[in-house]
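**Student:** Pasting run_10.txt here (compact mmCIF, C-alpha atoms):
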```txt
# COMPACT_ATOMS: atom_id res chain seq x y z
CA MET H 1114 101.06 115.20 86.92
CA LYS H 1115 98.14 113.32 85.39
CA HIS H 1116 100.14 110.49 83.84
CA HIS H 1117 97.29 108.00 83.54
CA TYR H 1118 95.20 110.62 81.76
CA THR H 1119 97.80 110.55 78.97
CA LEU H 1120 97.17 106.81 78.54
CA THR H 1121 93.60 107.52 77.44
CA ASP H 1122 92.26 108.93 74.20
CA GLY H 1123 88.96 109.46 72.44
CA ILE H 1124 86.00 108.05 74.37
CA GLN H 1125 88.25 106.89 77.23
CA ARG H 1126 89.41 110.46 77.80
CA LYS H 1127 85.86 111.79 77.77
CA LEU H 1128 84.90 109.07 80.25
CA TYR H 1129 87.89 110.02 82.46
CA ASP H 1130 86.81 113.67 82.44
CA SER H 1131 83.20 112.79 83.30
CA ILE H 1132 84.23 110.52 86.17
CA TYR H 1133 86.64 113.11 87.57
CA ARG H 1134 84.07 115.91 87.48
CA GLY H 1135 81.49 113.68 89.14
CA LEU H 1136 83.84 112.59 91.93
CA VAL H 1137 84.92 116.15 92.65
CA LYS H 1138 81.24 117.06 93.10
CA GLN H 1139 80.73 113.86 95.15
CA LYS H 1140 77.87 112.73 92.95
CA PRO H 1141 76.35 109.38 93.96
CA GLU H 1142 75.60 108.70 90.28
CA ILE H 1143 77.73 109.79 87.34
CA THR H 1144 76.09 109.74 83.91
CA PHE H 1145 78.07 109.48 80.69
CA ARG H 1146 76.41 109.78 77.29
CA GLY H 1147 78.16 108.41 74.26
CA TRP H 1148 79.43 105.13 72.87
CA PHE H 1149 81.67 103.29 75.32
CA ASP H 1150 83.30 99.93 75.87
CA SER H 1151 82.31 98.43 79.23
CA SER H 1152 85.81 96.99 79.63
CA ASP H 1153 87.14 100.57 79.93
CA ILE H 1154 85.05 101.58 82.93
CA ILE H 1155 86.98 100.06 85.83
CA PRO H 1156 90.48 100.80 84.44
CA VAL H 1157 89.58 104.43 83.67
CA PHE H 1158 87.97 104.84 87.10
CA LYS H 1159 91.21 103.58 88.70
CA TYR H 1160 93.26 105.89 86.49
CA VAL H 1161 91.33 108.87 87.87
CA LEU H 1162 92.04 107.84 91.47
CA LEU H 1163 95.73 107.19 90.79
CA ASP H 1164 96.12 110.63 89.22
CA HIS H 1165 94.17 112.48 91.92
CA PRO H 1166 95.06 111.41 95.48
CA SER H 1167 92.95 114.34 96.73
CA LEU H 1168 89.91 112.12 95.98
CA PHE H 1169 90.61 110.24 99.21
CA TYR H 1170 86.90 109.95 100.01
CA VAL H 1171 86.06 107.62 97.11
CA ASN H 1172 85.67 103.90 97.81
CA ALA H 1173 87.57 102.45 94.84
CA SER H 1174 85.92 99.06 95.14
CA GLY H 1175 82.44 100.43 95.80
CA ILE H 1176 81.24 101.18 92.28
CA GLU H 1177 78.54 99.63 90.14
CA TYR H 1178 77.56 100.54 86.62
CA SER H 1179 74.87 99.92 84.06
CA GLY H 1180 74.31 101.03 80.50
CA ASP H 1181 73.45 100.06 76.94
CA GLY H 1182 76.62 101.15 75.13
CA ARG H 1183 75.35 104.68 74.57
CA LYS H 1184 74.43 105.81 78.06
CA LEU H 1185 76.38 104.83 81.15
CA SER H 1186 75.40 105.24 84.81
CA ILE H 1187 78.14 104.77 87.41
CA HIS H 1188 76.98 104.42 91.00
CA VAL H 1189 79.70 105.55 93.40
CA GLU H 1190 80.17 104.72 97.06
CA TYR H 1191 81.90 107.29 99.23
CA SER H 1192 83.86 106.34 102.34
CA TYR H 1193 82.83 109.48 104.22
CA GLY H 1194 79.85 111.79 104.37
CA LYS H 1195 80.08 115.34 102.99
CA HIS H 1196 80.49 116.91 106.43
CA GLU H 1197 83.22 114.42 107.33
CA ILE H 1198 84.99 115.03 104.00
CA SER H 1199 85.02 118.76 104.71
CA GLY H 1200 86.48 118.17 108.16
CA LEU H 1201 89.20 115.85 106.87
CA ARG H 1202 90.13 118.31 104.13
CA GLN H 1203 90.55 121.00 106.74
CA LYS H 1204 92.74 118.75 108.90
CA ILE H 1205 94.94 117.90 105.91
CA LYS H 1206 95.16 121.58 104.95
CA GLU H 1207 96.26 122.47 108.49
CA LYS H 1208 98.77 119.61 108.66
CA VAL H 1209 100.32 120.42 105.31
CA GLY H 1210 100.15 124.20 105.63
CA LEU H 1211 101.44 124.50 109.18
CA SER H 1212 103.87 121.59 109.42
CA LEU H 1213 104.89 120.23 106.04
CA LEU H 1214 104.81 123.05 103.50
CA PRO H 1215 107.33 125.29 105.30
CA MET H 1216 109.72 122.34 105.45
CA LEU H 1217 109.19 121.36 101.82
CA LEU H 1218 109.53 124.87 100.44
CA ARG H 1219 112.74 125.76 102.20
CA GLU H 1220 115.31 127.03 99.70
CA SER H 1221 116.41 123.90 97.90
CA ASN H 1222 116.44 122.08 94.59
CA ALA H 1223 113.90 119.52 93.38
CA TYR H 1224 115.97 116.58 94.62
CA GLU H 1225 116.19 117.97 98.16
CA GLN H 1226 112.46 118.66 98.20
CA GLU H 1227 111.72 115.13 97.02
CA LYS H 1228 114.00 113.67 99.68
CA ARG H 1229 112.23 115.67 102.39
CA ILE H 1230 108.88 114.23 101.29
CA TYR H 1231 110.37 110.73 101.14
CA ASP H 1232 111.95 111.06 104.57
CA TYR H 1233 108.79 112.49 106.10
CA ILE H 1234 106.65 109.57 104.97
CA THR H 1235 109.19 106.80 105.65
CA GLN H 1236 110.07 108.17 109.09
CA ASN H 1237 106.53 108.91 110.23
CA THR H 1238 104.41 106.20 108.62
CA GLU H 1239 104.22 102.69 109.99
CA TYR H 1240 103.25 99.99 107.53
CA SER H 1241 100.25 98.28 109.08
CA ARG H 1242 97.19 96.32 108.06
CA VAL H 1243 95.52 96.95 111.41
CA PHE H 1244 93.99 100.41 111.39
CA ARG H 1245 92.36 102.78 113.79
CA ASP H 1246 90.20 103.83 110.83
CA GLU H 1247 89.69 101.10 108.22
CA LYS H 1248 88.52 103.66 105.67
CA SER H 1249 91.93 105.34 105.62
CA ASN H 1250 94.10 102.37 104.66
CA TYR H 1251 94.20 102.99 100.89
CA ASN H 1252 94.23 106.78 100.79
CA ILE H 1253 96.19 109.81 102.00
CA ILE H 1254 94.36 110.01 105.33
CA GLY H 1255 96.37 107.13 106.83
CA PRO H 1256 99.86 108.59 106.26
CA LEU H 1257 98.99 112.26 106.75
CA LEU H 1258 96.66 112.06 109.75
CA PHE H 1259 97.13 108.64 111.42
CA ASP H 1260 100.82 107.89 110.66
CA GLN H 1261 100.04 104.40 109.38
CA SER H 1262 99.17 102.98 106.00
CA VAL H 1263 99.59 100.25 103.40
CA CYS H 1264 101.45 100.79 100.13
CA GLU H 1265 98.66 102.47 98.17
CA GLY H 1266 98.00 105.09 100.82
CA SER H 1267 101.71 105.87 101.21
CA ALA H 1268 102.26 106.13 97.43
CA LYS H 1269 99.27 108.43 97.09
CA ALA H 1270 100.44 110.60 100.00
CA PHE H 1271 103.87 110.87 98.37
CA LYS H 1272 102.26 112.01 95.11
CA TYR H 1273 99.88 114.35 96.94
CA LEU H 1274 102.79 116.21 98.52
CA CYS H 1275 104.77 116.19 95.28
CA ASP H 1276 101.76 117.66 93.48
CA ILE H 1277 101.60 120.52 95.97
CA ILE H 1278 105.17 121.60 95.18
CA LYS H 1279 104.69 120.81 91.46
CA LEU H 1280 107.20 117.97 91.41
CA PRO H 1281 106.11 115.54 88.63
CA CYS H 1282 105.09 112.25 90.24
CA ILE H 1283 103.22 109.10 89.23
CA VAL H 1284 101.59 106.36 91.31
CA VAL H 1285 102.64 103.00 89.82
CA ALA H 1286 100.27 100.04 90.13
CA GLY H 1287 102.09 96.71 89.97
CA SER H 1288 103.26 93.91 92.23
CA ALA H 1289 106.24 93.09 94.44
CA ILE H 1290 107.76 90.15 96.26
CA ASP H 1291 107.43 90.56 100.02
CA THR H 1292 109.83 89.38 102.73
CA TYR H 1293 108.11 85.97 102.74
CA GLY H 1294 108.61 85.46 99.02
CA HIS H 1295 104.98 86.11 98.13
CA ASN H 1296 104.15 88.16 95.05
CA GLU H 1297 101.52 90.72 96.07
CA LEU H 1298 99.77 93.69 94.50
CA HIS H 1299 101.79 96.79 95.27
CA ALA H 1300 101.91 100.53 94.63
CA TRP H 1301 104.89 102.90 94.55
CA ASN H 1302 106.02 105.99 92.63
CA ILE H 1303 107.99 107.32 89.71
CA VAL H 1304 109.31 110.88 89.98
CA SER H 1305 110.83 113.25 87.46
CA ILE H 1306 113.91 115.18 88.56
CA GLU H 1307 115.41 117.51 85.95
CA LYS H 1308 113.47 115.65 83.22
CA ARG H 1309 114.88 112.27 84.25
CA TYR H 1310 112.67 109.59 85.76
CA TYR H 1311 113.38 107.53 88.88
CA GLN H 1312 111.63 104.69 90.69
CA THR H 1313 110.94 105.27 94.38
CA ASP H 1314 109.11 103.20 97.00
CA VAL H 1315 108.33 104.83 100.34
CA THR H 1316 106.57 101.73 101.68
CA TRP H 1317 109.59 99.48 101.45
CA ASP H 1318 111.73 102.04 103.25
CA SER H 1319 109.12 102.85 105.92
CA MET H 1320 109.31 101.88 109.56
CA LYS H 1321 108.59 98.19 110.06
CA ASP H 1322 108.66 96.22 113.30
CA GLY H 1323 110.52 99.02 115.06
CA ARG H 1324 113.28 99.21 112.45
CA LYS H 1325 114.47 102.60 111.22
CA SER H 1326 113.63 103.79 107.75
CA GLY H 1327 116.25 104.01 105.01
CA HIS H 1328 116.88 104.92 101.38
CA ASN H 1329 117.23 101.50 99.78
CA TYR H 1330 114.35 102.19 97.38
CA PHE H 1331 114.95 105.87 96.77
CA ASN H 1332 115.39 106.98 93.14
CA LEU H 1333 116.28 103.66 91.53
CA THR H 1334 116.52 102.65 87.89
CA ASP H 1335 114.12 100.18 86.29
CA GLU H 1336 116.78 97.47 86.44
CA GLU H 1337 117.35 98.02 90.14
CA MET H 1338 113.62 98.01 90.88
CA LYS H 1339 113.00 94.87 88.81
CA LYS H 1340 114.79 92.78 91.44
CA ASP H 1341 111.56 92.53 93.43
CA HIS H 1342 108.99 94.76 91.68
CA SER H 1343 106.95 94.10 88.54
CA TRP H 1344 104.85 96.48 86.45
CA ASP H 1345 103.59 97.00 82.91
CA ILE H 1346 106.61 98.76 81.43
CA ALA H 1347 104.58 99.93 78.44
CA LEU H 1348 102.45 102.15 80.69
CA TYR H 1349 105.19 104.07 82.48
CA PRO H 1350 108.23 106.20 81.64
CA LYS H 1351 111.58 104.44 81.45
CA CYS H 1352 113.87 105.02 84.42
CA ASN H 1353 117.30 104.40 82.98
CA THR H 1354 119.42 107.06 84.64
CA LYS H 1355 121.53 106.08 87.62
CA PHE H 1356 120.90 108.57 90.41
CA PRO H 1357 124.05 110.42 91.48
```
Take the structure in the file and write it out as structure tokens.

**Tutor:**
Amino acid sequence: MKHHYTLTDGIQRKLYDSIYRGLVKQKPEITFRGWFDSSDIIPVFKYVLLDHPSLFYVNASGIEYSGDGRKLSIHVEYSYGKHEISGLRQKIKEKVGLSLLPMLLRESNAYEQEKRIYDYITQNTEYSRVFRDEKSNYNIIGPLLFDQSVCEGSAKAFKYLCDIIKLPCIVVAGSAIDTYGHNELHAWNIVSIEKRYYQTDVTWDSMKDGRKSGHNYFNLTDEEMKKDHSWDIALYPKCNTKFP
């Protein structure tokens, strides 16, 4: 589900398409020809990464751009070399294909499949800001290969697995109040089950300090999530249905 793509139109959408094609081909420089607003570049670039967790190899903060309003050059920094990217893709393919996909595709409805993904991530991913591989902390590599991550990596891994089984899922970019009362940037998900949307946060139900995972943030309404999460409600579907 490319939710953030639907938030673009006109030149923004063309820019989104150009950035996506360039990142898939791992181009160090992406050229866009046409009139553009420089204030769109960073938001649209982030939209592409939120919609496509498979682009784990892109350094989201490592871009520079130049242009004159009619021609744009985006210089991209990649976290891994091409050979390393190929190796990581293969490891993910093996992990998902051999271990996760058979579990996810067992005879079941969409809710049961979603819950299996949720339980897999919350029960096997430790929230940590100290990493064996610093490059994996904001992408799917941390949760899927190293069993540790911060919120963005976990939310992207959740979407990545949902995408594989064609369960509509969005990565939400917002903020949340942590256990110390600090408001911090945060990422979580919205899923669609039987055409109804629900808020879900694997990070806040993941293993922390040896504690077991739970389902306190599984398929909530907007009102329930608003207790400690904040986001731009105009950008995301409304989650008004109480989960059974």

**Student:** Which is closest to H:Lys1206 among H:Tyr1273, H:Tyr1191, H:Tyr1240, H:Tyr1231, if we use all atoms listed in the file?

**Tutor:**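 Among the listed residues, the smallest separation from H:Lys1206 belongs to H:Tyr1273.
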
**Student:** Quick one: everything within 10 Å of stretch 1295-1297 of chain H, counting only C-alpha atoms, minus sequence neighbours fewer than 5 positions away in the same chain. Send it as a PyMOL selection string.

**Tutor:** chain H and resi 1287-1290+1341-1343

**Student:** Which of these, H:Pro1141, H:Pro1166, H:Gly1255, H:Gly1200, has the shortest distance to H:Leu1274 once you count all atoms listed in the file?

**Tutor:**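 Among the listed residues, H:Pro1166 lies closest to H:Leu1274.
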
**Student:** Fewer than 5 positions away in the same chain doesn't count, so skip those; otherwise give me all residues within 9 Å of H:Val1284, counting all atoms listed in the file, as a PyMOL selection string.

**Tutor:** chain H and resi 1116+1163-1164+1265+1268-1269+1271-1272+1300-1303

**Student:** Rank nothing, just name the residue among H:Tyr1160, H:Phe1259, H:Tyr1118, H:Tyr1170 nearest to H:Lys1138, using all atoms listed in the file.

**Tutor:**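 Closest residue, counting all atoms listed in the file: H:Tyr1170.
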
**Student:** Which residues come within 9 Å of H:His1117, counting all atoms listed in the file, excluding same-chain residues fewer than 2 positions away, as a ChimeraX atom specification?

**Tutor:** /H:1114-1115,1119-1121,1157,1160-1161,1163-1164,1283,1348-1349

**Student:** Which one is closest to H:Ser1241: H:Ser1262, H:Ile1253, H:Glu1142, H:Glu1227? Count all atoms listed in the file.

**Tutor:**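 When distances to H:Ser1241 are compared using all atoms listed in the file, the smallest one comes from H:Ser1262.
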
**Student:** Using all atoms listed in the file, which of H:Ser1199, H:Phe1169, H:Asp1153, H:Gly1194 sits nearest H:Gly1182?

**Tutor:** H:Asp1153

**Student:** Rank nothing, just name the residue among H:Gly1210, H:Gly1175, H:Pro1156, H:Gly1180 nearest to H:Ile1277, using all atoms listed in the file.

**Tutor:**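 Nearest candidate to H:Ile1277 out of H:Gly1210, H:Gly1175, H:Pro1156, H:Gly1180: H:Gly1210.
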
**Student:** How many Å separate atom CA of H:Asn1172 from atom CA of H:Phe1158?

**Tutor:**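 Between atom CA of H:Asn1172 and atom CA of H:Phe1158 the gap works out to 11.0 Å.
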
**Student:** Name the residues within 6 Å of (82.2, 106.3, 79.8), counting all atoms listed in the file in the file's coordinates, and put them as a list in words.

**Tutor:**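 Counting all atoms listed in the file, I find these residues within 6 Å of (82.2, 106.3, 79.8): Leu1128, Phe1145 and Phe1149 of chain H.
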
**Student:** What does the structure give for the distance between atom CA of H:His1165 and atom CA of H:Lys1339, in Å to one decimal?

**Tutor:**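 Distance reported for this atom pair: 26.0 Å.
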
**Student:** List the neighbours of stretch 1329-1338 of chain H out to 7 Å using all atoms listed in the file; skip same-chain residues closer than 6 positions along the sequence, and give me the result as a list in words.

**Tutor:**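 So, after excluding close chain neighbours, the residues are Tyr1311, Gln1312, Thr1313, Asp1314, Trp1317, Asp1318, Lys1351, Cys1352, Asn1353, Thr1354, Lys1355 and Phe1356 of chain H.
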
**Student:** Could the residues in this selection be written to a file with C-alpha atoms, as a compact mmCIF listing (two decimals), in the coordinates of the input?

**Tutor:**
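Contents of again.txt, as written:
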```
# COMPACT_ATOMS: atom_id res chain seq x y z
CA TYR H 1311 113.38 107.53 88.88
CA GLN H 1312 111.63 104.69 90.69
CA THR H 1313 110.94 105.27 94.38
CA ASP H 1314 109.11 103.20 97.00
CA TRP H 1317 109.59 99.48 101.45
CA ASP H 1318 111.73 102.04 103.25
CA LYS H 1351 111.58 104.44 81.45
CA CYS H 1352 113.87 105.02 84.42
CA ASN H 1353 117.30 104.40 82.98
CA THR H 1354 119.42 107.06 84.64
CA LYS H 1355 121.53 106.08 87.62
CA PHE H 1356 120.90 108.57 90.41
```
